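Visitor: One structure follows; several queries about it will come next.
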Amino acid sequence: MKKTFKMIDLDCANCAAKMEAAIKKIEGVNSASISFMAQKLTVDADDTRFEAIMQEAVKVCKKVEPDCTIVLG
Amino acid sequence: MSKKQKKMLWRILAGTALLVTASLLPLEGIPKLLVFLVPYAVVGWDVIFSAVRNIKNGQIFDENFLMALATVGAFCIAEYPEAVFVMLFYQVGELFQSYAVGRSRQSIAALMDIRPDYANVERDGSLVQIDPDEVAIDEIIVVKPGEKIPLDGIIIEGSSSLNTVALTGEALPQDVTVGNSVTSGCVNINGLLRVQVKSAFGDSTVSKILDLVENASSKKAKTENFITRFAQYYTPCVVIAALMLAVVPPLVLDQGFSQWINRALIFLVISCPCALVISVPLSFFGGIGGASKCGILVKGSNYLEALAKAEIVVFDKTGTLTKGSFNVTALHSANMDEKQLLELAATAESYSDHPISLSLKAAHGAIDKSRVSNVEEISGYGIMADIDGKKVAVGNGKLMDKVGASWHECHKQGTVIHVAINGVYAGHIVISDEPKPDAAAAIAALKKLGVRKTVMLTGDRKAVGEHTAAQLGIDEVYTELLPADKVNMVEKLMQQKSVKGKLVFVGDGINDAPVLSRADIGIAMGGLGSDAAIEAADIVLMDDKPSKIATAMGISSRTLSIVTQNIVFALGVKLLVLILGALGMASMWAAVFADVGVSVIAILNATRALSVKK
């Protein structure tokens with residue numbers, strides 16, 4: 001399943017790159033892409049575990065830039 | 001400016017004032033340190049805060065941390081003004097960066113201001129204004145002058161001119177009337193239109209285009225990925241080098257630490273890769289935005305990047321290079337008035353829906369069908385009919401042979417329709433598909449931009465295809481191809497290109513989907529509202545003009561050169577300052593320039609990508 005999420009307060013391009021790399025490492029994620037310009041995250045991941053994966057993604061992003069939030073749902 | 005940015009601006013101004021005051025005060029030692037700590041705290045408290053917080057999260061090479069380390073280091077070696085200044089400039093750079101990025105986002109959003117806010121729907125005899133999302137298929141909507149057409153549909157009443165510039169970049173208004181289909185996103189200029197809705201909002205052209213543009217930047221260019229990877233190594237390397245610079249030379253050369261720490265701090269200030277990381281996607285974003293301003297929708301940075309390397313451009317003929325509609329181009333009569341010949345042919349064909357019949361009817365105008373009787377359509381030959389008591393045969397050479405008329409070929413290119421009356425040859429009509437007015441110029445422009453070979457593929461007859469190719473200046477032409485042959489042809493052509501070169505296929509998107517996806521870059525003549533094209537292609541030309549391919553290539557090369565300039569410039573300056581810094585020849589000021597100054601210049605340069613000459 002492929003889904004796109006809006007990101008709020010993503011202020012740094014380098015952080016976006018780091019988050020992208022971190023999300024790609026989560027198990028079950030086939031591909032992930034963060035567009036700093038569009039402030040959007042696109043995740044392609046396992047259908048069955050999608051929600052758990054997104055929770056994990058939010059966690060790793062918080063680690064990189066605590067001010068940035070991913071709008072789920 | 002956003003609220004956040006305004007707050008930052010005030011902090012920077014206050015910090016600057018406090019810094020100036022602090023430098024004017026005649027203090028020494030601890031009091032001096034304390035006085036400089038005030039502006040430092042005002043400007044940089046959040047950086048320090050984030051640095052501490054991020055270290056807890058295991059983010060060591062975070063830019064906040066690097067800045068904190070560099071400035072605290074400067075305080076330690078008593079370089080107070082420098083410490084505050086580095087922090088101040090870092091914040092100025094950050095503010096500028098966020099402002100520039102915000103501006104370019106806004107200008108692209110404005111460019112794509114095609115989303116309709118409401119629809120006027122006729123329900124139970126009255127007109128209600130609702131969200132376009134809530135309108136059902138087949139409902140009737142009313143579009144007043146000045147309003148955006150909210151959904152795709154067909155006009156059932158009224159006529160008007162439409163402004164399609166937001167979709168196609170074409171400034172000339174399009175005239176529409178009853179029976180015409182209209183595309184969401186166009187603006188109704190003067191007439192009141194009643195439109196029957198043909199697709200739900202989610203499937204309408206406007207939604208598809210917005211979706212496409214908004215998601216374009218998630219397909220990243222190779223350069224973008226390269227820079228991100230580079231940044232991952234660059235920062236740790238520079239930081240480690242800084243660490244060694246601070247420790248090794250003083251121990252080996254037995255010199256004081258303070259001088260070498262100063263040099264190490266210069267390294268830390270330069271270690272942030274932000275200028276590069278931000279300027280590359282910003283340039284591509286601008287390039288894609290600039291292209292959509294011209295009615296060229298690019299589905300990803302990777303395609304924009306690849307387009308500049310186009311080496312072979314393969315065209316489909318009908319609908320791509322030619323108009324795709326047949327017109328009568330010549331009337332050669334044997335023994336009667338030319339108008340009469342056309343009238344006879346059109347009347348005989350009046351019951352047929354074949355494209356040829358339609359073009360004859362279109363050329364002649366209104367037809368009196370009552371004159372025709374005993375119409376017989378002979379597949380592969382043509383039509384036999386009785387008109388005013390005469391036996392009229394309209395068709396190809398085989399039909400002429402059949403009725404015993406002595407016919408002859410025509411010197412004109414195109415499809416030839418012969419006419420015989422009572423078995424006697426009466427003449428012929430030539431119909432052909434005309435090249436688009438800008439087709440020849442488009443091919444010439446591509447050649448000028450360095451495309452090595454242009455190829456045309458067509459299912460049409462050899463003579464017709466070769467004539468069109470010669471007329472337009474196409475290098476190679478392959479005719480009488482079935483759709484599957486086109487894929488094979490493209491496969492073959494793919495092997496002829498160089499390693500880095502790209503093959504571009506341009507089609508009208510209707511039955512070209514497999515070829516469009518096989519080519520390196522598939523460009524579709526989107527036409528207004530052609531779903532198949534928008535889905536299958538990598539680049540969509542909204543106004544169907546082949547000359548836009550050259551425009552797109554121009555935008556692509558320009559964007560790439562801006563990207564290259566930025567990479568070379570930013571890396572060059574940083575490397576230079578790193579070397580000078582290691583040798584003790586660069587000051588902290590130079591380092592600040594190499595970081596923030598380069599960032600600002602690179603961003604300004606990147607925003608150039610958005611401005612496209614039409």
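Within each chain, counting starts at residue 1; across the structure tokens, chains are named A, B, ... in the order shown, with ligands numbered 1 upward in that order.
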Quick one: pick out all strand (DSSP E or B) residues within chain A from a backbone DSSP run and write them as a ChimeraX atom specification.

Guide: /A:2-8,29-35,40-45,69-71

Visitor: For the selection you just gave me, I'd like the residues written to a file as a compact mmCIF listing (two decimals), in the first residue's frame, keeping N, CA and C atoms.

Guide:
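This is the output file selection-v8.txt:
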# COMPACT_ATOMS: atom_id res chain seq x y z
N LYS A 2 0.47 2.21 -0.80
CA LYS A 2 1.25 3.43 -0.91
C LYS A 2 0.39 4.59 -0.44
N LYS A 3 0.94 5.36 0.48
CA LYS A 3 0.15 6.48 0.99
C LYS A 3 1.02 7.72 1.16
N THR A 4 0.36 8.86 1.05
CA THR A 4 1.08 10.11 1.20
C THR A 4 0.57 10.86 2.43
N PHE A 5 1.50 11.41 3.18
CA PHE A 5 1.12 12.15 4.39
C PHE A 5 1.69 13.55 4.35
N LYS A 6 0.95 14.46 4.92
CA LYS A 6 1.44 15.82 4.99
C LYS A 6 2.34 15.94 6.21
N MET A 7 3.38 16.77 6.09
CA MET A 7 4.27 16.99 7.23
C MET A 7 4.21 18.47 7.60
N ILE A 8 4.15 18.72 8.90
CA ILE A 8 4.07 20.10 9.36
C ILE A 8 5.37 20.48 10.06
N VAL A 29 8.91 -1.66 5.17
CA VAL A 29 8.81 -0.49 4.28
C VAL A 29 9.50 -0.82 2.95
N ASN A 30 8.74 -0.74 1.87
CA ASN A 30 9.33 -1.02 0.56
C ASN A 30 10.07 0.19 0.02
N SER A 31 9.44 1.34 0.18
CA SER A 31 10.13 2.57 -0.22
C SER A 31 9.51 3.74 0.51
N ALA A 32 10.32 4.77 0.69
CA ALA A 32 9.83 5.98 1.35
C ALA A 32 10.49 7.17 0.70
N SER A 33 9.75 8.25 0.62
CA SER A 33 10.31 9.45 0.02
C SER A 33 9.73 10.66 0.72
N ILE A 34 10.61 11.56 1.12
CA ILE A 34 10.12 12.80 1.73
C ILE A 34 10.45 13.93 0.78
N SER A 35 9.44 14.69 0.40
CA SER A 35 9.70 15.85 -0.42
C SER A 35 9.73 17.06 0.50
N LYS A 40 5.88 16.65 2.13
CA LYS A 40 5.07 15.44 2.07
C LYS A 40 5.92 14.20 2.20
N LEU A 41 5.32 13.21 2.85
CA LEU A 41 5.98 11.92 3.00
C LEU A 41 5.18 10.88 2.24
N THR A 42 5.85 10.12 1.38
CA THR A 42 5.17 9.04 0.68
C THR A 42 5.77 7.73 1.15
N VAL A 43 4.93 6.85 1.65
CA VAL A 43 5.43 5.57 2.16
C VAL A 43 4.76 4.44 1.39
N ASP A 44 5.56 3.50 0.96
CA ASP A 44 5.03 2.29 0.36
C ASP A 44 5.44 1.16 1.29
N ALA A 45 4.44 0.52 1.94
CA ALA A 45 4.80 -0.49 2.93
C ALA A 45 3.76 -1.60 2.97
N THR A 69 5.83 17.31 12.73
CA THR A 69 4.80 16.29 12.93
C THR A 69 4.29 15.76 11.59
N ILE A 70 3.97 14.48 11.60
CA ILE A 70 3.38 13.85 10.42
C ILE A 70 1.89 13.77 10.66
N VAL A 71 1.11 14.23 9.70
CA VAL A 71 -0.34 14.19 9.86
C VAL A 71 -0.85 12.83 9.40

Visitor: Show me which bits of chain B are within 8 Å of chain A, counting only C-alpha atoms, as a list in words.

Guide: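 The answer, sorted by residue number, is Asn54, Asn57, Gly58, Gln59, Ser98, Val101, Arg105, Glu214, Asn215, Ser217, Ser218, Lys219, Thr228, Ala231, Pro273, Cys274, Val277, Ile278, Pro281, Leu282 and Phe285 of chain B.
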
Visitor: Would you save the residues of that selection, restricted to C-alpha atoms, as a PDB file, in the first residue's frame?

Guide:
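So out-v4.pdb came out as:
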ATOM      1  CA  ASN B  54      18.949  15.975  19.694  1.00  0.00           C
ATOM      2  CA  ASN B  57      18.053  11.269  20.616  1.00  0.00           C
ATOM      3  CA  GLY B  58      21.373  10.102  19.221  1.00  0.00           C
ATOM      4  CA  GLN B  59      21.640  12.738  16.491  1.00  0.00           C
ATOM      5  CA  SER B  98      12.854  29.279   5.142  1.00  0.00           C
ATOM      6  CA  VAL B 101      11.506  28.114   0.288  1.00  0.00           C
ATOM      7  CA  ARG B 105       6.136  27.073  -2.570  1.00  0.00           C
ATOM      8  CA  GLU B 214       1.761  17.889  -5.842  1.00  0.00           C
ATOM      9  CA  ASN B 215       3.385  14.492  -6.047  1.00  0.00           C
ATOM     10  CA  SER B 217       8.684  16.140  -6.175  1.00  0.00           C
ATOM     11  CA  SER B 218       8.515  12.701  -4.565  1.00  0.00           C
ATOM     12  CA  LYS B 219      10.276  11.216  -7.589  1.00  0.00           C
ATOM     13  CA  THR B 228      21.830  13.563   0.048  1.00  0.00           C
ATOM     14  CA  ALA B 231      25.878  15.016   2.834  1.00  0.00           C
ATOM     15  CA  PRO B 273      25.803  20.693   4.060  1.00  0.00           C
ATOM     16  CA  CYS B 274      22.570  22.691   4.065  1.00  0.00           C
ATOM     17  CA  VAL B 277      20.900  19.832   0.317  1.00  0.00           C
ATOM     18  CA  ILE B 278      18.365  22.609  -0.022  1.00  0.00           C
ATOM     19  CA  PRO B 281      15.513  20.062  -4.742  1.00  0.00           C
ATOM     20  CA  LEU B 282      14.619  23.753  -4.750  1.00  0.00           C
ATOM     21  CA  PHE B 285      10.937  22.201  -7.806  1.00  0.00           C
TER      22      PHE B 285
END

Visitor: Of the residues B:Ser50, B:Ser292, B:Thr458, B:Ser359, which is the one nearest to Ala552 of chain B, using only C-alpha atoms?

Guide: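 Smallest distance to Ala552 of chain B is found for B:Ser292.
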
Visitor: Separation of atom CA of Ile521 of chain B and atom CA of Leu307 of chain B, in Å?

Guide: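 Taking atom CA of Ile521 of chain B as the start and atom CA of Leu307 of chain B as the end point, the length is 7.3 Å.
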
Visitor: Just give me the gap between atom CA of Ser184 of chain B and atom CA of Ile149 of chain B in Å, one decimal is fine.

Guide: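 Computing the Euclidean distance for atom CA of Ser184 of chain B and atom CA of Ile149 of chain B yields 4.8 Å.
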
Visitor: What are the DSSP helix (DSSP H, G or I) residues of segment 477-564 of chain B, as a PDB file with C-alpha atoms, in the first residue's frame?

Guide:
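Resulting contents of out_9.pdb:
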ATOM      1  CA  PRO B 483       0.827  -0.995 -32.160  1.00  0.00           C
ATOM      2  CA  ALA B 484       2.962  -3.999 -31.153  1.00  0.00           C
ATOM      3  CA  ASP B 485       5.490  -3.168 -33.894  1.00  0.00           C
ATOM      4  CA  LYS B 486       5.913   0.261 -32.344  1.00  0.00           C
ATOM      5  CA  VAL B 487       7.129  -1.275 -29.091  1.00  0.00           C
ATOM      6  CA  ASN B 488       9.602  -3.465 -31.000  1.00  0.00           C
ATOM      7  CA  MET B 489      10.825  -0.468 -32.995  1.00  0.00           C
ATOM      8  CA  VAL B 490      11.402   1.525 -29.802  1.00  0.00           C
ATOM      9  CA  GLU B 491      13.283  -1.443 -28.298  1.00  0.00           C
ATOM     10  CA  LYS B 492      15.551  -1.488 -31.353  1.00  0.00           C
ATOM     11  CA  LEU B 493      16.115   2.254 -31.235  1.00  0.00           C
ATOM     12  CA  MET B 494      16.948   2.032 -27.527  1.00  0.00           C
ATOM     13  CA  ALA B 513       0.572   3.420 -23.426  1.00  0.00           C
ATOM     14  CA  PRO B 514       2.979   0.453 -23.802  1.00  0.00           C
ATOM     15  CA  VAL B 515       5.414   2.512 -25.867  1.00  0.00           C
ATOM     16  CA  LEU B 516       5.149   5.485 -23.540  1.00  0.00           C
ATOM     17  CA  SER B 517       6.178   3.351 -20.598  1.00  0.00           C
ATOM     18  CA  ARG B 518       8.911   1.487 -22.514  1.00  0.00           C
ATOM     19  CA  ASP B 531      -7.004  10.445 -18.815  1.00  0.00           C
ATOM     20  CA  ALA B 532      -5.013   7.753 -20.572  1.00  0.00           C
ATOM     21  CA  ALA B 533      -2.307  10.223 -21.509  1.00  0.00           C
ATOM     22  CA  ILE B 534      -2.042  11.764 -18.077  1.00  0.00           C
ATOM     23  CA  GLU B 535      -1.655   8.340 -16.546  1.00  0.00           C
ATOM     24  CA  ALA B 536       0.754   6.650 -18.923  1.00  0.00           C
ATOM     25  CA  SER B 547       7.077  22.631 -30.047  1.00  0.00           C
ATOM     26  CA  LYS B 548       6.648  22.391 -26.282  1.00  0.00           C
ATOM     27  CA  ILE B 549       9.072  19.442 -26.248  1.00  0.00           C
ATOM     28  CA  ALA B 550      11.902  21.805 -27.091  1.00  0.00           C
ATOM     29  CA  THR B 551      10.625  24.237 -24.464  1.00  0.00           C
ATOM     30  CA  ALA B 552      10.664  21.444 -21.893  1.00  0.00           C
ATOM     31  CA  MET B 553      14.177  20.422 -22.910  1.00  0.00           C
ATOM     32  CA  GLY B 554      15.272  24.026 -22.546  1.00  0.00           C
ATOM     33  CA  ILE B 555      13.824  24.204 -19.039  1.00  0.00           C
ATOM     34  CA  SER B 556      15.482  20.905 -18.233  1.00  0.00           C
ATOM     35  CA  SER B 557      18.948  22.035 -19.362  1.00  0.00           C
ATOM     36  CA  ARG B 558      18.574  25.332 -17.587  1.00  0.00           C
ATOM     37  CA  THR B 559      17.552  23.655 -14.344  1.00  0.00           C
ATOM     38  CA  LEU B 560      20.446  21.222 -14.609  1.00  0.00           C
ATOM     39  CA  SER B 561      22.928  24.003 -15.201  1.00  0.00           C
ATOM     40  CA  ILE B 562      21.616  25.867 -12.150  1.00  0.00           C
ATOM     41  CA  VAL B 563      22.000  22.694 -10.109  1.00  0.00           C
ATOM     42  CA  THR B 564      25.540  22.177 -11.381  1.00  0.00           C
TER      43      THR B 564
END

Visitor: Using only C-alpha atoms, which protein or nucleic acid residues come within 7 Å of segment 37-47 of chain B? Drop anything in the same chain fewer than 3 positions from it, and give the result as a PDB file with N, CA and C atoms, in the first residue's frame.

Guide:
ATOM      1  N   ARG B  11      14.154  38.600  16.774  1.00  0.00           N
ATOM      2  CA  ARG B  11      15.268  38.114  17.599  1.00  0.00           C
ATOM      3  C   ARG B  11      16.610  38.490  16.964  1.00  0.00           C
ATOM      4  N   ILE B  12      16.667  38.391  15.643  1.00  0.00           N
ATOM      5  CA  ILE B  12      17.921  38.710  14.952  1.00  0.00           C
ATOM      6  C   ILE B  12      18.225  40.205  15.092  1.00  0.00           C
ATOM      7  N   GLY B  15      19.229  40.898  18.606  1.00  0.00           N
ATOM      8  CA  GLY B  15      20.554  40.331  18.822  1.00  0.00           C
ATOM      9  C   GLY B  15      21.639  41.214  18.210  1.00  0.00           C
ATOM     10  N   LEU B  18      22.135  44.294  20.330  1.00  0.00           N
ATOM     11  CA  LEU B  18      22.847  43.950  21.560  1.00  0.00           C
ATOM     12  C   LEU B  18      24.321  43.647  21.285  1.00  0.00           C
ATOM     13  N   LEU B  19      24.579  43.024  20.142  1.00  0.00           N
ATOM     14  CA  LEU B  19      25.959  42.695  19.771  1.00  0.00           C
ATOM     15  C   LEU B  19      26.765  43.974  19.550  1.00  0.00           C
ATOM     16  N   LEU B  33      32.665  38.728  28.714  1.00  0.00           N
ATOM     17  CA  LEU B  33      32.034  37.466  28.359  1.00  0.00           C
ATOM     18  C   LEU B  33      30.534  37.545  28.642  1.00  0.00           C
ATOM     19  N   LEU B  34      30.197  38.057  29.818  1.00  0.00           N
ATOM     20  CA  LEU B  34      28.790  38.121  30.216  1.00  0.00           C
ATOM     21  C   LEU B  34      27.993  39.025  29.278  1.00  0.00           C
ATOM     22  N   SER B  50      17.953  22.780  21.008  1.00  0.00           N
ATOM     23  CA  SER B  50      17.767  21.664  20.074  1.00  0.00           C
ATOM     24  C   SER B  50      18.985  20.755  20.067  1.00  0.00           C
ATOM     25  N   ALA B  51      20.164  21.360  20.163  1.00  0.00           N
ATOM     26  CA  ALA B  51      21.392  20.570  20.123  1.00  0.00           C
ATOM     27  C   ALA B  51      21.397  19.578  21.276  1.00  0.00           C
ATOM     28  N   ASN B  64      22.329  21.810  14.470  1.00  0.00           N
ATOM     29  CA  ASN B  64      22.247  22.592  15.708  1.00  0.00           C
ATOM     30  C   ASN B  64      23.450  22.304  16.601  1.00  0.00           C
ATOM     31  N   ALA B  68      26.274  24.868  17.823  1.00  0.00           N
ATOM     32  CA  ALA B  68      26.471  25.054  19.254  1.00  0.00           C
ATOM     33  C   ALA B  68      27.935  24.816  19.610  1.00  0.00           C
ATOM     34  N   VAL B  84      29.246  35.180  18.766  1.00  0.00           N
ATOM     35  CA  VAL B  84      27.895  35.711  18.614  1.00  0.00           C
ATOM     36  C   VAL B  84      27.584  35.906  17.133  1.00  0.00           C
ATOM     37  N   MET B  87      26.662  32.716  15.286  1.00  0.00           N
ATOM     38  CA  MET B  87      25.310  32.296  15.620  1.00  0.00           C
ATOM     39  C   MET B  87      24.278  33.194  14.931  1.00  0.00           C
ATOM     40  N   LEU B  88      24.563  34.491  14.962  1.00  0.00           N
ATOM     41  CA  LEU B  88      23.656  35.460  14.352  1.00  0.00           C
ATOM     42  C   LEU B  88      23.504  35.171  12.850  1.00  0.00           C
TER      43      LEU B  88
END
